[in-house]
>>> print(open('target_29.txt').read())   # compact mmCIF, N, CA and C atoms and all ligand atoms
# COMPACT_ATOMS: atom_id res chain seq x y z
N MET Y 1 27.26 32.77 -13.10
CA MET Y 1 26.73 31.85 -14.10
C MET Y 1 26.05 32.67 -15.20
N ASP Y 2 26.45 32.37 -16.44
CA ASP Y 2 25.81 33.10 -17.54
C ASP Y 2 24.45 32.48 -17.87
N ARG Y 3 23.73 33.16 -18.75
CA ARG Y 3 22.36 32.75 -19.08
C ARG Y 3 22.31 31.33 -19.67
N ARG Y 4 23.27 31.04 -20.56
CA ARG Y 4 23.30 29.74 -21.22
C ARG Y 4 23.51 28.60 -20.19
N SER Y 5 24.48 28.80 -19.29
CA SER Y 5 24.74 27.79 -18.25
C SER Y 5 23.53 27.61 -17.34
N PHE Y 6 22.91 28.75 -17.00
CA PHE Y 6 21.73 28.69 -16.14
C PHE Y 6 20.62 27.86 -16.79
N LEU Y 7 20.38 28.11 -18.09
CA LEU Y 7 19.33 27.37 -18.80
C LEU Y 7 19.67 25.88 -18.89
N LYS Y 8 20.95 25.55 -19.13
CA LYS Y 8 21.36 24.15 -19.19
C LYS Y 8 21.11 23.45 -17.86
N GLN Y 9 21.54 24.12 -16.78
CA GLN Y 9 21.35 23.54 -15.45
C GLN Y 9 19.87 23.36 -15.15
N SER Y 10 19.08 24.37 -15.46
CA SER Y 10 17.65 24.32 -15.19
C SER Y 10 17.00 23.18 -15.93
N THR Y 11 17.40 22.99 -17.19
CA THR Y 11 16.83 21.91 -18.00
C THR Y 11 17.17 20.56 -17.40
N ARG Y 12 18.44 20.39 -17.00
CA ARG Y 12 18.83 19.11 -16.39
C ARG Y 12 18.03 18.85 -15.12
N LEU Y 13 17.93 19.88 -14.28
CA LEU Y 13 17.18 19.72 -13.04
C LEU Y 13 15.71 19.43 -13.32
N GLY Y 14 15.18 20.11 -14.30
CA GLY Y 14 13.78 19.91 -14.65
C GLY Y 14 13.51 18.49 -15.11
N ILE Y 15 14.39 17.95 -15.95
CA ILE Y 15 14.23 16.58 -16.42
C ILE Y 15 14.37 15.61 -15.27
N GLY Y 16 15.36 15.87 -14.40
CA GLY Y 16 15.55 15.01 -13.22
C GLY Y 16 14.32 14.99 -12.35
N CYS Y 17 13.76 16.17 -12.08
CA CYS Y 17 12.57 16.25 -11.24
C CYS Y 17 11.40 15.55 -11.91
N ALA Y 18 11.27 15.75 -13.23
CA ALA Y 18 10.16 15.11 -13.94
C ALA Y 18 10.29 13.59 -13.85
N LEU Y 19 11.51 13.06 -13.97
CA LEU Y 19 11.70 11.62 -13.86
C LEU Y 19 11.34 11.13 -12.47
N VAL Y 20 11.81 11.86 -11.46
CA VAL Y 20 11.54 11.46 -10.08
C VAL Y 20 10.05 11.48 -9.79
N THR Y 21 9.36 12.52 -10.28
CA THR Y 21 7.95 12.63 -9.93
C THR Y 21 7.07 11.69 -10.74
N THR Y 22 7.56 11.11 -11.84
CA THR Y 22 6.71 10.20 -12.59
C THR Y 22 6.93 8.74 -12.23
N ILE Y 23 7.92 8.44 -11.43
CA ILE Y 23 8.12 7.06 -10.99
C ILE Y 23 7.08 6.77 -9.91
N PRO Y 24 6.20 5.81 -10.13
CA PRO Y 24 5.08 5.61 -9.23
C PRO Y 24 5.45 5.20 -7.81
N ALA Y 25 6.40 4.35 -7.63
CA ALA Y 25 6.74 3.91 -6.28
C ALA Y 25 8.25 4.04 -6.12
N CYS Y 26 8.68 5.24 -5.98
CA CYS Y 26 10.11 5.50 -5.87
C CYS Y 26 10.56 5.20 -4.45
N SER Y 27 11.24 4.08 -4.27
CA SER Y 27 11.60 3.64 -2.92
C SER Y 27 12.57 4.59 -2.25
N LEU Y 28 13.21 5.44 -3.05
CA LEU Y 28 14.14 6.41 -2.50
C LEU Y 28 13.47 7.29 -1.45
N PHE Y 29 12.19 7.59 -1.65
CA PHE Y 29 11.49 8.48 -0.75
C PHE Y 29 10.57 7.75 0.22
N ASP Y 30 10.54 6.44 0.15
CA ASP Y 30 9.63 5.68 1.00
C ASP Y 30 10.14 5.61 2.44
N GLU Y 31 9.19 5.63 3.35
CA GLU Y 31 9.51 5.42 4.76
C GLU Y 31 9.75 3.93 4.96
N PRO Y 32 10.74 3.54 5.75
CA PRO Y 32 11.00 2.12 5.95
C PRO Y 32 9.99 1.45 6.88
N GLU Y 33 9.31 2.23 7.69
CA GLU Y 33 8.36 1.66 8.64
C GLU Y 33 7.42 2.75 9.13
N MET Y 34 6.32 2.30 9.74
CA MET Y 34 5.36 3.28 10.26
C MET Y 34 4.52 2.62 11.35
N LEU Y 35 4.20 3.38 12.37
CA LEU Y 35 3.28 2.89 13.41
C LEU Y 35 1.88 2.82 12.81
N VAL Y 36 1.25 1.65 12.89
CA VAL Y 36 -0.10 1.50 12.33
C VAL Y 36 -1.16 1.80 13.39
N CYS Y 37 -1.03 1.15 14.55
CA CYS Y 37 -2.00 1.36 15.61
C CYS Y 37 -1.53 0.64 16.87
N GLN Y 38 -2.27 0.84 17.94
CA GLN Y 38 -2.06 0.06 19.16
C GLN Y 38 -2.69 -1.31 18.93
N LEU Y 39 -2.09 -2.34 19.48
CA LEU Y 39 -2.64 -3.69 19.30
C LEU Y 39 -4.06 -3.79 19.83
N SER Y 40 -4.34 -3.10 20.93
CA SER Y 40 -5.67 -3.16 21.53
C SER Y 40 -6.74 -2.66 20.56
N GLU Y 41 -6.37 -1.78 19.65
CA GLU Y 41 -7.34 -1.25 18.69
C GLU Y 41 -7.84 -2.35 17.77
N LEU Y 42 -6.96 -3.29 17.42
CA LEU Y 42 -7.37 -4.38 16.52
C LEU Y 42 -8.34 -5.35 17.21
N ASP Y 43 -8.38 -5.31 18.55
CA ASP Y 43 -9.36 -6.12 19.27
C ASP Y 43 -10.71 -5.43 19.35
N ARG Y 44 -10.69 -4.10 19.24
CA ARG Y 44 -11.92 -3.32 19.36
C ARG Y 44 -12.64 -3.12 18.04
N VAL Y 45 -11.89 -3.01 16.95
CA VAL Y 45 -12.51 -2.72 15.64
C VAL Y 45 -12.19 -3.86 14.66
N SER Y 46 -12.94 -3.92 13.58
CA SER Y 46 -12.74 -5.00 12.60
C SER Y 46 -11.43 -4.86 11.85
N PHE Y 47 -11.07 -3.63 11.54
CA PHE Y 47 -9.83 -3.39 10.80
C PHE Y 47 -9.42 -1.93 10.95
N VAL Y 48 -8.18 -1.67 10.62
CA VAL Y 48 -7.65 -0.30 10.66
C VAL Y 48 -7.04 -0.01 9.29
N THR Y 49 -7.37 1.13 8.72
CA THR Y 49 -6.73 1.51 7.46
C THR Y 49 -5.83 2.72 7.71
N GLN Y 50 -4.77 2.77 6.96
CA GLN Y 50 -3.80 3.86 7.06
C GLN Y 50 -3.25 4.12 5.67
N LYS Y 51 -2.52 5.20 5.55
CA LYS Y 51 -1.78 5.47 4.33
C LYS Y 51 -0.31 5.29 4.66
N PHE Y 52 0.37 4.43 3.90
CA PHE Y 52 1.78 4.15 4.13
C PHE Y 52 2.51 4.33 2.80
N ASN Y 53 3.42 5.26 2.78
CA ASN Y 53 4.15 5.58 1.54
C ASN Y 53 3.19 5.86 0.37
N ARG Y 54 2.21 6.67 0.65
CA ARG Y 54 1.24 7.16 -0.33
C ARG Y 54 0.26 6.10 -0.83
N LYS Y 55 0.23 4.94 -0.16
CA LYS Y 55 -0.71 3.89 -0.59
C LYS Y 55 -1.51 3.41 0.62
N ARG Y 56 -2.74 2.99 0.36
CA ARG Y 56 -3.61 2.52 1.44
C ARG Y 56 -3.19 1.12 1.88
N ILE Y 57 -3.25 0.90 3.18
CA ILE Y 57 -3.03 -0.43 3.76
C ILE Y 57 -4.17 -0.73 4.71
N LEU Y 58 -4.39 -1.99 4.99
CA LEU Y 58 -5.44 -2.40 5.91
C LEU Y 58 -4.87 -3.44 6.85
N ALA Y 59 -4.94 -3.17 8.14
CA ALA Y 59 -4.48 -4.11 9.17
C ALA Y 59 -5.70 -4.75 9.82
N ARG Y 60 -5.59 -6.05 10.04
CA ARG Y 60 -6.73 -6.77 10.59
C ARG Y 60 -6.24 -7.94 11.42
N LYS Y 61 -7.01 -8.26 12.45
CA LYS Y 61 -6.73 -9.45 13.24
C LYS Y 61 -7.82 -10.45 12.91
N MET Y 62 -7.41 -11.59 12.38
CA MET Y 62 -8.38 -12.58 11.92
C MET Y 62 -7.95 -13.95 12.45
N ASP Y 63 -8.83 -14.61 13.16
CA ASP Y 63 -8.51 -15.90 13.76
C ASP Y 63 -7.24 -15.79 14.61
N GLY Y 64 -7.10 -14.67 15.31
CA GLY Y 64 -5.96 -14.46 16.20
C GLY Y 64 -4.68 -14.04 15.50
N GLU Y 65 -4.71 -13.97 14.19
CA GLU Y 65 -3.51 -13.58 13.44
C GLU Y 65 -3.65 -12.21 12.82
N ILE Y 66 -2.57 -11.44 12.92
CA ILE Y 66 -2.57 -10.10 12.32
C ILE Y 66 -2.08 -10.17 10.88
N THR Y 67 -2.76 -9.44 10.02
CA THR Y 67 -2.35 -9.33 8.61
C THR Y 67 -2.42 -7.86 8.22
N ILE Y 68 -1.44 -7.42 7.47
CA ILE Y 68 -1.49 -6.06 6.90
C ILE Y 68 -1.46 -6.19 5.39
N PHE Y 69 -2.61 -5.87 4.78
CA PHE Y 69 -2.75 -5.97 3.33
C PHE Y 69 -2.38 -4.66 2.67
N SER Y 70 -1.80 -4.76 1.49
CA SER Y 70 -1.70 -3.62 0.59
C SER Y 70 -3.05 -3.55 -0.11
N LEU Y 71 -3.64 -2.37 -0.20
CA LEU Y 71 -4.92 -2.24 -0.88
C LEU Y 71 -4.74 -1.85 -2.35
N ILE Y 72 -3.59 -2.20 -2.90
CA ILE Y 72 -3.32 -1.93 -4.31
C ILE Y 72 -3.62 -3.20 -5.12
N CYS Y 73 -4.54 -3.05 -6.05
CA CYS Y 73 -4.95 -4.18 -6.89
C CYS Y 73 -3.77 -4.69 -7.73
N SER Y 74 -3.68 -6.00 -7.85
CA SER Y 74 -2.57 -6.59 -8.60
C SER Y 74 -2.77 -6.48 -10.12
N HIS Y 75 -3.93 -5.99 -10.54
CA HIS Y 75 -4.17 -5.86 -11.97
C HIS Y 75 -3.54 -4.58 -12.52
N LYS Y 76 -4.16 -3.44 -12.25
CA LYS Y 76 -3.64 -2.17 -12.78
C LYS Y 76 -3.43 -1.15 -11.67
N ARG Y 77 -3.29 -1.65 -10.44
CA ARG Y 77 -2.89 -0.83 -9.30
C ARG Y 77 -3.94 0.18 -8.82
N CYS Y 78 -5.19 -0.08 -9.05
CA CYS Y 78 -6.24 0.74 -8.43
C CYS Y 78 -6.29 0.40 -6.94
N THR Y 79 -6.90 1.26 -6.17
CA THR Y 79 -7.06 0.99 -4.74
C THR Y 79 -8.34 0.19 -4.52
N VAL Y 80 -8.20 -0.97 -3.91
CA VAL Y 80 -9.37 -1.81 -3.62
C VAL Y 80 -10.03 -1.35 -2.32
N LYS Y 81 -11.29 -1.70 -2.18
CA LYS Y 81 -12.03 -1.35 -0.96
C LYS Y 81 -12.43 -2.64 -0.25
N TYR Y 82 -12.37 -2.62 1.07
CA TYR Y 82 -12.79 -3.79 1.84
C TYR Y 82 -14.27 -3.68 2.14
N LYS Y 83 -15.03 -4.69 1.71
CA LYS Y 83 -16.47 -4.73 1.97
C LYS Y 83 -16.68 -5.66 3.15
N GLU Y 84 -16.85 -5.05 4.30
CA GLU Y 84 -16.89 -5.82 5.54
C GLU Y 84 -18.05 -6.82 5.57
N MET Y 85 -19.20 -6.42 5.06
CA MET Y 85 -20.37 -7.31 5.10
C MET Y 85 -20.12 -8.60 4.31
N ASP Y 86 -19.45 -8.47 3.17
CA ASP Y 86 -19.18 -9.63 2.31
C ASP Y 86 -17.83 -10.28 2.61
N GLU Y 87 -17.05 -9.63 3.46
CA GLU Y 87 -15.68 -10.07 3.75
C GLU Y 87 -14.89 -10.27 2.45
N GLN Y 88 -14.95 -9.24 1.61
CA GLN Y 88 -14.24 -9.28 0.33
C GLN Y 88 -13.60 -7.93 0.04
N PHE Y 89 -12.54 -7.98 -0.75
CA PHE Y 89 -11.92 -6.76 -1.25
C PHE Y 89 -12.39 -6.60 -2.69
N ALA Y 90 -12.93 -5.44 -3.00
CA ALA Y 90 -13.45 -5.21 -4.36
C ALA Y 90 -12.68 -4.07 -5.02
N CYS Y 91 -12.32 -4.30 -6.26
CA CYS Y 91 -11.63 -3.27 -7.02
C CYS Y 91 -12.64 -2.56 -7.92
N PRO Y 92 -12.75 -1.25 -7.80
CA PRO Y 92 -13.75 -0.50 -8.57
C PRO Y 92 -13.38 -0.34 -10.04
N CYS Y 93 -12.14 -0.57 -10.40
CA CYS Y 93 -11.72 -0.28 -11.77
C CYS Y 93 -12.21 -1.30 -12.80
N HIS Y 94 -12.00 -2.59 -12.52
CA HIS Y 94 -12.39 -3.62 -13.50
C HIS Y 94 -13.09 -4.79 -12.80
N GLU Y 95 -13.70 -4.49 -11.66
CA GLU Y 95 -14.49 -5.47 -10.92
C GLU Y 95 -13.70 -6.68 -10.45
N GLY Y 96 -12.46 -6.48 -10.13
CA GLY Y 96 -11.67 -7.55 -9.51
C GLY Y 96 -12.20 -7.80 -8.10
N LEU Y 97 -12.14 -9.05 -7.68
CA LEU Y 97 -12.68 -9.41 -6.37
C LEU Y 97 -11.71 -10.35 -5.65
N TYR Y 98 -11.45 -10.05 -4.40
CA TYR Y 98 -10.55 -10.87 -3.58
C TYR Y 98 -11.32 -11.33 -2.35
N ASP Y 99 -10.99 -12.51 -1.85
CA ASP Y 99 -11.64 -12.97 -0.61
C ASP Y 99 -11.00 -12.31 0.60
N LYS Y 100 -11.44 -12.69 1.79
CA LYS Y 100 -10.96 -12.02 3.00
C LYS Y 100 -9.48 -12.29 3.28
N TYR Y 101 -8.92 -13.27 2.60
CA TYR Y 101 -7.49 -13.55 2.75
C TYR Y 101 -6.66 -12.86 1.67
N GLY Y 102 -7.36 -12.13 0.79
CA GLY Y 102 -6.67 -11.41 -0.27
C GLY Y 102 -6.45 -12.26 -1.51
N GLN Y 103 -7.02 -13.46 -1.56
CA GLN Y 103 -6.89 -14.33 -2.74
C GLN Y 103 -7.91 -13.91 -3.81
N VAL Y 104 -7.53 -14.02 -5.06
CA VAL Y 104 -8.42 -13.62 -6.16
C VAL Y 104 -9.61 -14.57 -6.24
N ILE Y 105 -10.80 -14.00 -6.28
CA ILE Y 105 -12.03 -14.78 -6.47
C ILE Y 105 -12.53 -14.62 -7.90
N ASP Y 106 -12.45 -13.37 -8.40
CA ASP Y 106 -13.06 -13.11 -9.70
C ASP Y 106 -12.38 -11.90 -10.35
N GLY Y 107 -12.52 -11.81 -11.65
CA GLY Y 107 -12.02 -10.65 -12.38
C GLY Y 107 -10.60 -10.82 -12.86
N PRO Y 108 -10.04 -9.73 -13.35
CA PRO Y 108 -8.73 -9.81 -14.02
C PRO Y 108 -7.48 -9.82 -13.13
N PRO Y 109 -7.56 -9.56 -11.82
CA PRO Y 109 -6.30 -9.53 -11.06
C PRO Y 109 -5.51 -10.83 -11.20
N PRO Y 110 -4.23 -10.74 -11.55
CA PRO Y 110 -3.43 -11.94 -11.75
C PRO Y 110 -2.90 -12.56 -10.46
N GLU Y 111 -2.88 -11.79 -9.39
CA GLU Y 111 -2.29 -12.29 -8.15
C GLU Y 111 -3.10 -11.82 -6.95
N ALA Y 112 -2.83 -12.46 -5.82
CA ALA Y 112 -3.45 -12.07 -4.56
C ALA Y 112 -2.96 -10.69 -4.14
N LEU Y 113 -3.66 -10.09 -3.19
CA LEU Y 113 -3.19 -8.83 -2.62
C LEU Y 113 -1.89 -9.09 -1.87
N SER Y 114 -0.99 -8.15 -1.94
CA SER Y 114 0.28 -8.29 -1.22
C SER Y 114 0.05 -8.05 0.27
N ARG Y 115 0.90 -8.68 1.06
CA ARG Y 115 0.84 -8.50 2.52
C ARG Y 115 2.17 -7.93 2.99
N PHE Y 116 2.07 -6.94 3.84
CA PHE Y 116 3.30 -6.32 4.36
C PHE Y 116 3.85 -7.09 5.55
N GLN Y 117 5.15 -7.05 5.68
CA GLN Y 117 5.81 -7.52 6.90
C GLN Y 117 5.45 -6.52 8.00
N PHE Y 118 5.46 -6.99 9.22
CA PHE Y 118 5.19 -6.09 10.34
C PHE Y 118 5.95 -6.55 11.58
N GLU Y 119 5.99 -5.68 12.54
CA GLU Y 119 6.61 -6.01 13.83
C GLU Y 119 5.69 -5.52 14.94
N ILE Y 120 5.68 -6.28 16.01
CA ILE Y 120 4.95 -5.85 17.20
C ILE Y 120 6.00 -5.37 18.19
N ARG Y 121 5.86 -4.12 18.57
CA ARG Y 121 6.82 -3.51 19.50
C ARG Y 121 6.04 -3.10 20.74
N GLY Y 122 6.14 -3.91 21.76
CA GLY Y 122 5.35 -3.65 22.97
C GLY Y 122 3.88 -3.78 22.63
N GLU Y 123 3.15 -2.70 22.75
CA GLU Y 123 1.72 -2.70 22.45
C GLU Y 123 1.42 -2.08 21.09
N GLU Y 124 2.46 -1.88 20.29
CA GLU Y 124 2.27 -1.18 19.02
C GLU Y 124 2.50 -2.11 17.82
N LEU Y 125 1.71 -1.87 16.78
CA LEU Y 125 1.87 -2.60 15.52
C LEU Y 125 2.55 -1.68 14.51
N TRP Y 126 3.69 -2.12 13.99
CA TRP Y 126 4.46 -1.34 13.02
C TRP Y 126 4.48 -2.08 11.69
N VAL Y 127 4.23 -1.36 10.62
CA VAL Y 127 4.34 -1.94 9.28
C VAL Y 127 5.73 -1.65 8.75
N LEU Y 128 6.30 -2.64 8.05
CA LEU Y 128 7.62 -2.48 7.45
C LEU Y 128 7.46 -2.40 5.93
N ASN Y 129 8.33 -1.69 5.30
CA ASN Y 129 8.22 -1.51 3.84
C ASN Y 129 8.78 -2.71 3.08
N GLU Y 130 8.27 -3.89 3.41
CA GLU Y 130 8.66 -5.13 2.73
C GLU Y 130 7.43 -6.01 2.66
N PHE Y 131 7.28 -6.68 1.54
CA PHE Y 131 6.16 -7.61 1.42
C PHE Y 131 6.54 -8.98 1.96
N GLN Y 132 5.55 -9.70 2.47
CA GLN Y 132 5.77 -11.09 2.88
C GLN Y 132 5.97 -11.92 1.62
N LYS Y 133 6.73 -12.98 1.74
CA LYS Y 133 6.97 -13.83 0.58
C LYS Y 133 6.10 -15.07 0.64
S1 LIG L 1 -7.19 -2.52 -11.46
FE1 LIG L 1 -8.24 -3.82 -10.15
S2 LIG L 1 -9.32 -5.13 -11.43
FE2 LIG L 1 -8.21 -3.87 -12.78
>>> encode(input="target_29.txt", output="structure tokens")
Amino acid sequence: MDRRSFLKQSTRLGIGCALVTTIPACSLFDEPEMLVCQLSELDRVSFVTQKFNRKRILARKMDGEITIFSLICSHKRCTVKYKEMDEQFACPCHEGLYDKYGQVIDGPPPEALSRFQFEIRGEELWVLNEFQK
């Protein structure tokens, strides 16, 4: 390969890599599922947080039902924090506030927090890379 061809190839690869790395949620590289925790853990603690495909999630058992929330704010995609004492999710970026069910209480978020699909496999809770509808 001569110098000119090498530079052309490098430029193409560089642009391709730059495009891939700037796409915020490139599903091409996402894991389809992940073990979140043992079911017994959700009986012992209030909630479990994990990182799934580079984003925070929170699993909780509430009134006997399991929910796995995406902790990505529906406004500008900041990571929200769960305030256990207030039973609310608070977004530090623009003071968005969600109730314990992930519904918007206050601030600019246009939608509720997304909830992930999940599966229970024996004693394990698995999150799937799909949102509930
Ligand atoms: S990003 Fe959460 S309120 Fe704006």
>>> closest_residue(input="target_29.txt", among="Y:Ala90, Y:Val45, Y:Cys73, Y:Ala59", to="Ala112 in chain Y", atoms="only C-alpha atoms")
Y:Cys73
>>> closest_residue(input="target_29.txt", among="Y:Asp86, Y:Asn129, Y:Val104, Y:Cys78", to="ligand LIG 1 (chain L)", atoms="only N, CA and C atoms and all ligand atoms")
Y:Cys78
>>> closest_atom_pairs(input="target_29.txt", of="chain Y", to="ligand LIG 1 (chain L)", cutoff="5 Å", atoms="all atoms listed in the file", output="CSV")
residue,atom,partner,partner_atom,distance
Y:Cys73,CA,L:LIG1,FE1,4.6
Y:His75,C,L:LIG1,S1,4.3
Y:Lys76,N,L:LIG1,S1,3.3
Y:Arg77,N,L:LIG1,S1,4.1
Y:Cys78,N,L:LIG1,S1,4.0
Y:Cys91,CA,L:LIG1,FE1,4.6
Y:Cys93,C,L:LIG1,FE2,4.8
Y:His94,N,L:LIG1,S2,3.8
Y:Glu95,N,L:LIG1,S2,4.4
Y:Gly96,N,L:LIG1,S2,3.7
Y:Pro109,N,L:LIG1,S2,4.8
>>> write_last_selection(input="target_29.txt", atoms="N, CA and C atoms", output="PDB file, in the coordinates of the input")
ATOM      1  N   CYS Y  73      -4.540  -3.050  -6.050  1.00  0.00           N
ATOM      2  CA  CYS Y  73      -4.950  -4.180  -6.890  1.00  0.00           C
ATOM      3  C   CYS Y  73      -3.770  -4.690  -7.730  1.00  0.00           C
ATOM      4  N   HIS Y  75      -3.930  -5.990 -10.540  1.00  0.00           N
ATOM      5  CA  HIS Y  75      -4.170  -5.860 -11.970  1.00  0.00           C
ATOM      6  C   HIS Y  75      -3.540  -4.580 -12.520  1.00  0.00           C
ATOM      7  N   LYS Y  76      -4.160  -3.440 -12.250  1.00  0.00           N
ATOM      8  CA  LYS Y  76      -3.640  -2.170 -12.780  1.00  0.00           C
ATOM      9  C   LYS Y  76      -3.430  -1.150 -11.670  1.00  0.00           C
ATOM     10  N   ARG Y  77      -3.290  -1.650 -10.440  1.00  0.00           N
ATOM     11  CA  ARG Y  77      -2.890  -0.830  -9.300  1.00  0.00           C
ATOM     12  C   ARG Y  77      -3.940   0.180  -8.820  1.00  0.00           C
ATOM     13  N   CYS Y  78      -5.190  -0.080  -9.050  1.00  0.00           N
ATOM     14  CA  CYS Y  78      -6.240   0.740  -8.430  1.00  0.00           C
ATOM     15  C   CYS Y  78      -6.290   0.400  -6.940  1.00  0.00           C
ATOM     16  N   CYS Y  91     -12.320  -4.300  -6.260  1.00  0.00           N
ATOM     17  CA  CYS Y  91     -11.630  -3.270  -7.020  1.00  0.00           C
ATOM     18  C   CYS Y  91     -12.640  -2.560  -7.920  1.00  0.00           C
ATOM     19  N   CYS Y  93     -12.140  -0.570 -10.400  1.00  0.00           N
ATOM     20  CA  CYS Y  93     -11.720  -0.280 -11.770  1.00  0.00           C
ATOM     21  C   CYS Y  93     -12.210  -1.300 -12.800  1.00  0.00           C
ATOM     22  N   HIS Y  94     -12.000  -2.590 -12.520  1.00  0.00           N
ATOM     23  CA  HIS Y  94     -12.390  -3.620 -13.500  1.00  0.00           C
ATOM     24  C   HIS Y  94     -13.090  -4.790 -12.800  1.00  0.00           C
ATOM     25  N   GLU Y  95     -13.700  -4.490 -11.660  1.00  0.00           N
ATOM     26  CA  GLU Y  95     -14.490  -5.470 -10.920  1.00  0.00           C
ATOM     27  C   GLU Y  95     -13.700  -6.680 -10.450  1.00  0.00           C
ATOM     28  N   GLY Y  96     -12.460  -6.480 -10.130  1.00  0.00           N
ATOM     29  CA  GLY Y  96     -11.670  -7.550  -9.510  1.00  0.00           C
ATOM     30  C   GLY Y  96     -12.200  -7.800  -8.100  1.00  0.00           C
ATOM     31  N   PRO Y 109      -7.560  -9.560 -11.820  1.00  0.00           N
ATOM     32  CA  PRO Y 109      -6.300  -9.530 -11.060  1.00  0.00           C
ATOM     33  C   PRO Y 109      -5.510 -10.830 -11.200  1.00  0.00           C
TER      34      PRO Y 109
END
>>> closest_residue(input="target_29.txt", among="Y:Ser74, Y:Met85, Y:Met62, Y:Glu41", to="Pro108 in chain Y", atoms="all atoms listed in the file")
Y:Ser74
>>> atom_distance(input="target_29.txt", atom1="atom C of Cys37 in chain Y", atom2="atom C of Glu124 in chain Y")
5.0 Å
>>> select_by_dssp(input="target_29.txt", residues="range 49-84 of chain Y", states="strand (DSSP E or B)", output="VMD selection string")
chain Y and resid 49 to 52 55 to 62 65 to 70 72 79 81 to 83
